[in-house]
Amino acid sequence: MKFHFGFDGDKTPVQEPLKIQHTDSNTPYLLAKHLQAIFSKLPTYQPIVVICVGTDRSTGDALGPLVGSHLNRTTTLRNLHLFGTLDEPVHAMNLAETVETIHKQFQNPFIVAVDACLGQVASVGCIQVAYGPLKPGAGVNKDLPPVGDIHVTGIVNVGGFMEYFVLQNTRLSLVMNMATVIGDALYAAIRRTQSFAPSATTALKFE
C-alpha cells in the first residue's frame with residue numbers, strides 16, 4: 001500500500017493531544033503529520049527510541065508488538081531504535097529492565113511509547129498521541145513504571161469491567177489494522193524528519 005504525505009513544510013507547534021479514528025480516510029496523513037511536527041523539534045543527534053509495549057499472548061494487548069514487528073520489517077531508518085516485537089515483546093515482566101537498558105545504551109533518548117488501551121464504546125478504534133509518559137498496565141491494575149516522552153495508544157476495546165477478559169476477546173482484525181496505521185505513520189514521520197530539509201515540499205511515498 002502506498003501513502004502520499006505532502007506536509008508542505010508545516011512546522012506548527014503541536015500542543016494539543018491528537019485523537020482520531022483509525023478508519024478515517026485522512027488518518028494516515030494527519031497522524032504522520034502530527035508525529036512529524038513533534039520529531040522535527042528534536043536535535044538531529046538525539047536518538048529516537050520506539051518502545052512497543054504488550055504481549056502476543058493476548059489479542060487486545062498485542063497492538064504494541066504488532067506495531068514493533070511492522071516497523072522492524074519495513075524500516076531502515078537511521079537514528080531509530082526499536083524495542084518490542086512479536087518475537088521479542090516488552091511486557092510487564094521485562095519493562096523496567098528494558099527502560100533501564102535504553103537509558104544505559106542511549107544518551108538522552110527521545111522515547112515514543114506505543115501500547116493498547118481500553119476506553120469508552122464511542123472511542124474504540126481511535127488512536128491517540130499525547131505528550132508525557134505512558135502508564136502501562138493501568139487499565140488492568142498493574143503497577144508498572146511510566147515510560148515515554150510521548151505516547152501513542154490505540155483504544156482496542158471497552159474498559160471498566162473484566163479488563164483481562166475484554167483484552168483476550170478483542171478482535172484481531174481491529175488490532176492489526178490499527179497497528180498498520182500506527183506503524184506506517186511512525187515510519188513516514190521519522191523518515192521525512194530525517195530525509196528532508198525544513199523547507200522541503202516534496203510528498204513522501206513509501207511502500
# chains A, B, ... in the order shown; residues from 1 in each chain; ligands from 1
call {"tool": "residues_around", "arguments": {"residues": "Ala96 (chain A)", "least_positions_apart": "5", "cutoff": "9 Å", "atoms": "only C-alpha atoms", "output": "ChimeraX atom specification"}}
result
/A:101,144-145
call {"tool": "select_by_dssp", "arguments": {"residues": "chain A", "states": "strand (DSSP E or B)", "output": "number ranges by chain"}}
result
A: 3-5, 18-21, 48-53, 80-83, 90, 110-119, 126-131, 134, 147, 150-158, 204-206
call {"tool": "closest_residue", "arguments": {"among": "A:Asp149, A:Asp184, A:Glu16, A:Glu163", "to": "Phe39 (chain A)", "atoms": "only C-alpha atoms"}}
result
A:Asp149
call {"tool": "select_by_dssp", "arguments": {"residues": "region 52-192 of chain A", "states": "alpha helix (DSSP H)", "output": "JSON, numbers by chain"}}
result
{"A": [63, 64, 65, 66, 67, 68, 69, 70, 71, 72, 73, 74, 95, 96, 97, 98, 99, 100, 101, 102, 103, 104, 105, 163, 164, 165, 166, 167, 168, 172, 173, 174, 175, 176, 177, 178, 179, 180, 181, 182, 183, 184, 185, 186, 187, 188, 189, 190, 191, 192]}
call {"tool": "residues_around", "arguments": {"residues": "Gly125 (chain A)", "least_positions_apart": "4", "cutoff": "12 Å", "atoms": "only C-alpha atoms", "output": "JSON, numbers by chain"}}
result
{"A": [19, 20, 21, 22, 23, 24, 27, 60, 63, 116, 117, 118, 119, 120, 121, 153, 154, 155, 156, 157, 158, 170, 171, 173, 174, 175, 176, 177, 178, 179, 181, 182]}
call {"tool": "residues_around", "arguments": {"residues": "His103 (chain A)", "least_positions_apart": "5", "cutoff": "12 Å", "atoms": "only C-alpha atoms", "output": "VMD selection string"}}
result
chain A and resid 47 to 49 96 to 98 108 to 111 147 to 148
call {"tool": "write_last_selection", "arguments": {"atoms": "N, CA, C and O atoms", "output": "PDB file, in the first residue's frame"}}
result
ATOM      1  N   PRO A  47      18.792  10.432  19.611  1.00  0.00           N
ATOM      2  CA  PRO A  47      18.215   9.165  19.140  1.00  0.00           C
ATOM      3  C   PRO A  47      16.730   9.061  19.475  1.00  0.00           C
ATOM      4  O   PRO A  47      16.292   9.473  20.549  1.00  0.00           O
ATOM      5  N   ILE A  48      15.974   8.527  18.539  1.00  0.00           N
ATOM      6  CA  ILE A  48      14.554   8.255  18.753  1.00  0.00           C
ATOM      7  C   ILE A  48      14.398   6.772  19.075  1.00  0.00           C
ATOM      8  O   ILE A  48      14.811   5.912  18.297  1.00  0.00           O
ATOM      9  N   VAL A  49      13.831   6.482  20.222  1.00  0.00           N
ATOM     10  CA  VAL A  49      13.608   5.103  20.650  1.00  0.00           C
ATOM     11  C   VAL A  49      12.107   4.851  20.690  1.00  0.00           C
ATOM     12  O   VAL A  49      11.364   5.566  21.363  1.00  0.00           O
ATOM     13  N   ALA A  96      10.618  -2.783  33.095  1.00  0.00           N
ATOM     14  CA  ALA A  96      11.558  -1.988  33.888  1.00  0.00           C
ATOM     15  C   ALA A  96      12.999  -2.233  33.433  1.00  0.00           C
ATOM     16  O   ALA A  96      13.798  -1.287  33.306  1.00  0.00           O
ATOM     17  N   GLU A  97      13.323  -3.473  33.167  1.00  0.00           N
ATOM     18  CA  GLU A  97      14.667  -3.814  32.696  1.00  0.00           C
ATOM     19  C   GLU A  97      14.946  -3.185  31.333  1.00  0.00           C
ATOM     20  O   GLU A  97      16.054  -2.690  31.066  1.00  0.00           O
ATOM     21  N   THR A  98      13.941  -3.191  30.459  1.00  0.00           N
ATOM     22  CA  THR A  98      14.109  -2.607  29.127  1.00  0.00           C
ATOM     23  C   THR A  98      14.332  -1.101  29.199  1.00  0.00           C
ATOM     24  O   THR A  98      15.206  -0.560  28.509  1.00  0.00           O
ATOM     25  N   ASN A 108      20.350  10.618  26.425  1.00  0.00           N
ATOM     26  CA  ASN A 108      19.196  11.493  26.244  1.00  0.00           C
ATOM     27  C   ASN A 108      18.287  11.041  25.103  1.00  0.00           C
ATOM     28  O   ASN A 108      18.006  11.802  24.170  1.00  0.00           O
ATOM     29  N   PRO A 109      17.793   9.812  25.142  1.00  0.00           N
ATOM     30  CA  PRO A 109      16.911   9.352  24.067  1.00  0.00           C
ATOM     31  C   PRO A 109      15.550  10.027  24.134  1.00  0.00           C
ATOM     32  O   PRO A 109      15.072  10.388  25.207  1.00  0.00           O
ATOM     33  N   PHE A 110      14.939  10.194  22.966  1.00  0.00           N
ATOM     34  CA  PHE A 110      13.550  10.639  22.898  1.00  0.00           C
ATOM     35  C   PHE A 110      12.715   9.378  22.719  1.00  0.00           C
ATOM     36  O   PHE A 110      12.792   8.703  21.693  1.00  0.00           O
ATOM     37  N   ILE A 111      11.924   9.052  23.741  1.00  0.00           N
ATOM     38  CA  ILE A 111      11.232   7.765  23.764  1.00  0.00           C
ATOM     39  C   ILE A 111       9.770   7.926  23.358  1.00  0.00           C
ATOM     40  O   ILE A 111       9.035   8.737  23.923  1.00  0.00           O
ATOM     41  N   VAL A 147       6.624   5.260  31.044  1.00  0.00           N
ATOM     42  CA  VAL A 147       7.670   5.291  30.022  1.00  0.00           C
ATOM     43  C   VAL A 147       7.237   6.168  28.859  1.00  0.00           C
ATOM     44  O   VAL A 147       6.081   6.153  28.454  1.00  0.00           O
ATOM     45  N   GLY A 148       8.189   6.956  28.341  1.00  0.00           N
ATOM     46  CA  GLY A 148       7.928   7.720  27.127  1.00  0.00           C
ATOM     47  C   GLY A 148       7.957   9.222  27.318  1.00  0.00           C
ATOM     48  O   GLY A 148       7.470   9.746  28.320  1.00  0.00           O
TER      49      GLY A 148
END
call {"tool": "closest_residue", "arguments": {"among": "A:Ser40, A:Gln46, A:Thr85, A:Gln105", "to": "Val67 (chain A)", "atoms": "only C-alpha atoms"}}
result
A:Thr85
call {"tool": "decode", "arguments": {"residues": "region 46-189 of chain A", "atoms": "C-alpha atoms", "output": "PDB file, in the first residue's frame"}}
result
ATOM      1  CA  GLN A  46      19.087  12.857  19.524  1.00  0.00           C
ATOM      2  CA  PRO A  47      18.215   9.165  19.140  1.00  0.00           C
ATOM      3  CA  ILE A  48      14.554   8.255  18.753  1.00  0.00           C
ATOM      4  CA  VAL A  49      13.608   5.103  20.650  1.00  0.00           C
ATOM      5  CA  VAL A  50      10.263   3.447  19.969  1.00  0.00           C
ATOM      6  CA  ILE A  51       9.221   1.055  22.723  1.00  0.00           C
ATOM      7  CA  CYS A  52       6.178  -1.028  21.839  1.00  0.00           C
ATOM      8  CA  VAL A  53       4.601  -2.423  24.996  1.00  0.00           C
ATOM      9  CA  GLY A  54       2.392  -5.505  25.083  1.00  0.00           C
ATOM     10  CA  THR A  55       2.292  -9.254  24.640  1.00  0.00           C
ATOM     11  CA  ASP A  56       1.444 -11.681  21.868  1.00  0.00           C
ATOM     12  CA  ARG A  57      -0.413 -13.829  24.414  1.00  0.00           C
ATOM     13  CA  SER A  58      -3.435 -11.510  24.414  1.00  0.00           C
ATOM     14  CA  THR A  59      -5.179 -10.306  21.266  1.00  0.00           C
ATOM     15  CA  GLY A  60      -6.014  -6.865  22.594  1.00  0.00           C
ATOM     16  CA  ASP A  61      -2.618  -6.367  24.207  1.00  0.00           C
ATOM     17  CA  ALA A  62      -0.768  -7.348  21.013  1.00  0.00           C
ATOM     18  CA  LEU A  63      -1.096  -3.877  19.461  1.00  0.00           C
ATOM     19  CA  GLY A  64       2.344  -2.735  20.618  1.00  0.00           C
ATOM     20  CA  PRO A  65       4.250  -5.837  19.460  1.00  0.00           C
ATOM     21  CA  LEU A  66       2.399  -5.742  16.127  1.00  0.00           C
ATOM     22  CA  VAL A  67       3.486  -2.128  15.597  1.00  0.00           C
ATOM     23  CA  GLY A  68       7.036  -3.105  16.505  1.00  0.00           C
ATOM     24  CA  SER A  69       7.100  -6.042  14.095  1.00  0.00           C
ATOM     25  CA  HIS A  70       5.610  -3.886  11.331  1.00  0.00           C
ATOM     26  CA  LEU A  71       8.327  -1.282  11.828  1.00  0.00           C
ATOM     27  CA  ASN A  72      11.007  -3.946  12.100  1.00  0.00           C
ATOM     28  CA  ARG A  73      10.042  -5.371   8.701  1.00  0.00           C
ATOM     29  CA  THR A  74       9.834  -2.068   6.860  1.00  0.00           C
ATOM     30  CA  THR A  75      12.278   0.374   8.346  1.00  0.00           C
ATOM     31  CA  THR A  76      15.926   1.079   7.613  1.00  0.00           C
ATOM     32  CA  LEU A  77      15.813   4.477   9.268  1.00  0.00           C
ATOM     33  CA  ARG A  78      18.926   5.824  10.886  1.00  0.00           C
ATOM     34  CA  ASN A  79      18.605   7.222  14.401  1.00  0.00           C
ATOM     35  CA  LEU A  80      15.585   4.985  15.103  1.00  0.00           C
ATOM     36  CA  HIS A  81      15.919   2.271  17.725  1.00  0.00           C
ATOM     37  CA  LEU A  82      13.127  -0.238  18.306  1.00  0.00           C
ATOM     38  CA  PHE A  83      12.178  -2.316  21.336  1.00  0.00           C
ATOM     39  CA  GLY A  84       9.165  -4.629  21.456  1.00  0.00           C
ATOM     40  CA  THR A  85       8.110  -7.000  18.661  1.00  0.00           C
ATOM     41  CA  LEU A  86       6.090 -10.190  18.423  1.00  0.00           C
ATOM     42  CA  ASP A  87       9.315 -12.198  18.631  1.00  0.00           C
ATOM     43  CA  GLU A  88      10.786 -10.148  21.487  1.00  0.00           C
ATOM     44  CA  PRO A  89       7.911  -8.412  23.300  1.00  0.00           C
ATOM     45  CA  VAL A  90       8.277  -5.802  26.015  1.00  0.00           C
ATOM     46  CA  HIS A  91       5.727  -6.617  28.704  1.00  0.00           C
ATOM     47  CA  ALA A  92       5.089  -6.463  32.432  1.00  0.00           C
ATOM     48  CA  MET A  93       7.905  -8.874  33.276  1.00  0.00           C
ATOM     49  CA  ASN A  94      10.695  -7.036  31.450  1.00  0.00           C
ATOM     50  CA  LEU A  95       9.509  -3.445  31.032  1.00  0.00           C
ATOM     51  CA  ALA A  96      11.558  -1.988  33.888  1.00  0.00           C
ATOM     52  CA  GLU A  97      14.667  -3.814  32.696  1.00  0.00           C
ATOM     53  CA  THR A  98      14.109  -2.607  29.127  1.00  0.00           C
ATOM     54  CA  VAL A  99      13.732   1.021  30.199  1.00  0.00           C
ATOM     55  CA  GLU A 100      16.932   0.740  32.230  1.00  0.00           C
ATOM     56  CA  THR A 101      18.746  -0.734  29.222  1.00  0.00           C
ATOM     57  CA  ILE A 102      17.564   2.096  26.985  1.00  0.00           C
ATOM     58  CA  HIS A 103      18.901   4.763  29.326  1.00  0.00           C
ATOM     59  CA  LYS A 104      22.224   2.953  29.651  1.00  0.00           C
ATOM     60  CA  GLN A 105      22.584   2.434  25.920  1.00  0.00           C
ATOM     61  CA  PHE A 106      21.486   5.871  24.674  1.00  0.00           C
ATOM     62  CA  GLN A 107      22.308   9.380  25.789  1.00  0.00           C
ATOM     63  CA  ASN A 108      19.196  11.493  26.244  1.00  0.00           C
ATOM     64  CA  PRO A 109      16.911   9.352  24.067  1.00  0.00           C
ATOM     65  CA  PHE A 110      13.550  10.639  22.898  1.00  0.00           C
ATOM     66  CA  ILE A 111      11.232   7.765  23.764  1.00  0.00           C
ATOM     67  CA  VAL A 112       7.985   7.056  21.923  1.00  0.00           C
ATOM     68  CA  ALA A 113       5.864   4.558  23.884  1.00  0.00           C
ATOM     69  CA  VAL A 114       3.230   2.569  21.998  1.00  0.00           C
ATOM     70  CA  ASP A 115       0.557   0.493  23.721  1.00  0.00           C
ATOM     71  CA  ALA A 116      -3.046  -0.663  23.608  1.00  0.00           C
ATOM     72  CA  CYS A 117      -5.642   0.721  25.983  1.00  0.00           C
ATOM     73  CA  LEU A 118      -9.311   0.369  26.835  1.00  0.00           C
ATOM     74  CA  GLY A 119     -11.831   3.189  26.669  1.00  0.00           C
ATOM     75  CA  GLN A 120     -15.434   4.163  26.072  1.00  0.00           C
ATOM     76  CA  VAL A 121     -17.558   2.476  23.429  1.00  0.00           C
ATOM     77  CA  ALA A 122     -17.504   5.510  21.144  1.00  0.00           C
ATOM     78  CA  SER A 123     -13.698   5.656  21.293  1.00  0.00           C
ATOM     79  CA  VAL A 124     -12.937   2.069  20.284  1.00  0.00           C
ATOM     80  CA  GLY A 125     -10.741   2.155  17.190  1.00  0.00           C
ATOM     81  CA  CYS A 126      -9.299   5.569  17.983  1.00  0.00           C
ATOM     82  CA  ILE A 127      -5.570   6.307  18.000  1.00  0.00           C
ATOM     83  CA  GLN A 128      -4.260   8.868  20.487  1.00  0.00           C
ATOM     84  CA  VAL A 129      -0.970  10.789  20.623  1.00  0.00           C
ATOM     85  CA  ALA A 130      -0.048  12.837  23.678  1.00  0.00           C
ATOM     86  CA  TYR A 131       2.982  14.294  25.411  1.00  0.00           C
ATOM     87  CA  GLY A 132       4.212  12.694  28.599  1.00  0.00           C
ATOM     88  CA  PRO A 133       4.791   9.112  29.683  1.00  0.00           C
ATOM     89  CA  LEU A 134       2.611   6.115  29.084  1.00  0.00           C
ATOM     90  CA  LYS A 135       1.339   4.332  32.194  1.00  0.00           C
ATOM     91  CA  PRO A 136       1.215   0.712  31.007  1.00  0.00           C
ATOM     92  CA  GLY A 137      -0.952  -1.713  32.897  1.00  0.00           C
ATOM     93  CA  ALA A 138      -3.096   0.984  34.485  1.00  0.00           C
ATOM     94  CA  GLY A 139      -6.251  -0.455  32.917  1.00  0.00           C
ATOM     95  CA  VAL A 140      -5.649  -3.875  34.436  1.00  0.00           C
ATOM     96  CA  ASN A 141      -4.357  -2.690  37.816  1.00  0.00           C
ATOM     97  CA  LYS A 142      -0.668  -3.401  37.203  1.00  0.00           C
ATOM     98  CA  ASP A 143       1.956  -1.220  38.854  1.00  0.00           C
ATOM     99  CA  LEU A 144       4.464  -0.663  36.046  1.00  0.00           C
ATOM    100  CA  PRO A 145       6.950   2.184  35.529  1.00  0.00           C
ATOM    101  CA  PRO A 146       5.789   5.055  33.312  1.00  0.00           C
ATOM    102  CA  VAL A 147       7.670   5.291  30.022  1.00  0.00           C
ATOM    103  CA  GLY A 148       7.928   7.720  27.127  1.00  0.00           C
ATOM    104  CA  ASP A 149       8.423  11.373  26.264  1.00  0.00           C
ATOM    105  CA  ILE A 150       5.299  10.963  24.164  1.00  0.00           C
ATOM    106  CA  HIS A 151       2.912   8.046  23.926  1.00  0.00           C
ATOM    107  CA  VAL A 152       0.805   6.599  21.130  1.00  0.00           C
ATOM    108  CA  THR A 153      -2.122   4.459  22.218  1.00  0.00           C
ATOM    109  CA  GLY A 154      -4.810   2.568  20.383  1.00  0.00           C
ATOM    110  CA  ILE A 155      -8.172   2.049  22.050  1.00  0.00           C
ATOM    111  CA  VAL A 156      -8.861  -1.580  21.215  1.00  0.00           C
ATOM    112  CA  ASN A 157     -11.941  -2.309  23.322  1.00  0.00           C
ATOM    113  CA  VAL A 158     -14.269  -1.116  26.077  1.00  0.00           C
ATOM    114  CA  GLY A 159     -12.876  -0.655  29.581  1.00  0.00           C
ATOM    115  CA  GLY A 160     -14.382  -0.650  33.030  1.00  0.00           C
ATOM    116  CA  PHE A 161     -15.324  -4.299  33.511  1.00  0.00           C
ATOM    117  CA  MET A 162     -13.365  -7.588  33.362  1.00  0.00           C
ATOM    118  CA  GLU A 163     -10.439  -5.977  31.570  1.00  0.00           C
ATOM    119  CA  TYR A 164      -8.380  -9.163  31.174  1.00  0.00           C
ATOM    120  CA  PHE A 165     -11.329 -10.958  29.594  1.00  0.00           C
ATOM    121  CA  VAL A 166     -12.032  -7.997  27.317  1.00  0.00           C
ATOM    122  CA  LEU A 167      -8.432  -7.867  26.089  1.00  0.00           C
ATOM    123  CA  GLN A 168      -8.432 -11.598  25.422  1.00  0.00           C
ATOM    124  CA  ASN A 169     -11.610 -11.285  23.360  1.00  0.00           C
ATOM    125  CA  THR A 170     -10.679  -8.267  21.274  1.00  0.00           C
ATOM    126  CA  ARG A 171     -10.942  -8.663  17.502  1.00  0.00           C
ATOM    127  CA  LEU A 172      -7.575  -9.396  15.892  1.00  0.00           C
ATOM    128  CA  SER A 173      -8.651  -7.615  12.697  1.00  0.00           C
ATOM    129  CA  LEU A 174      -9.122  -4.342  14.572  1.00  0.00           C
ATOM    130  CA  VAL A 175      -5.790  -4.615  16.355  1.00  0.00           C
ATOM    131  CA  MET A 176      -3.858  -5.464  13.187  1.00  0.00           C
ATOM    132  CA  ASN A 177      -5.435  -2.635  11.196  1.00  0.00           C
ATOM    133  CA  MET A 178      -4.651  -0.118  13.936  1.00  0.00           C
ATOM    134  CA  ALA A 179      -1.089  -1.418  14.209  1.00  0.00           C
ATOM    135  CA  THR A 180      -0.542  -0.938  10.482  1.00  0.00           C
ATOM    136  CA  VAL A 181      -1.781   2.661  10.608  1.00  0.00           C
ATOM    137  CA  ILE A 182       0.401   3.489  13.622  1.00  0.00           C
ATOM    138  CA  GLY A 183       3.471   1.767  12.194  1.00  0.00           C
ATOM    139  CA  ASP A 184       3.127   3.455   8.802  1.00  0.00           C
ATOM    140  CA  ALA A 185       2.633   6.873  10.408  1.00  0.00           C
ATOM    141  CA  LEU A 186       5.707   6.489  12.624  1.00  0.00           C
ATOM    142  CA  TYR A 187       7.757   5.384   9.628  1.00  0.00           C
ATOM    143  CA  ALA A 188       6.588   8.281   7.476  1.00  0.00           C
ATOM    144  CA  ALA A 189       7.094  10.895  10.176  1.00  0.00           C
TER     145      ALA A 189
END
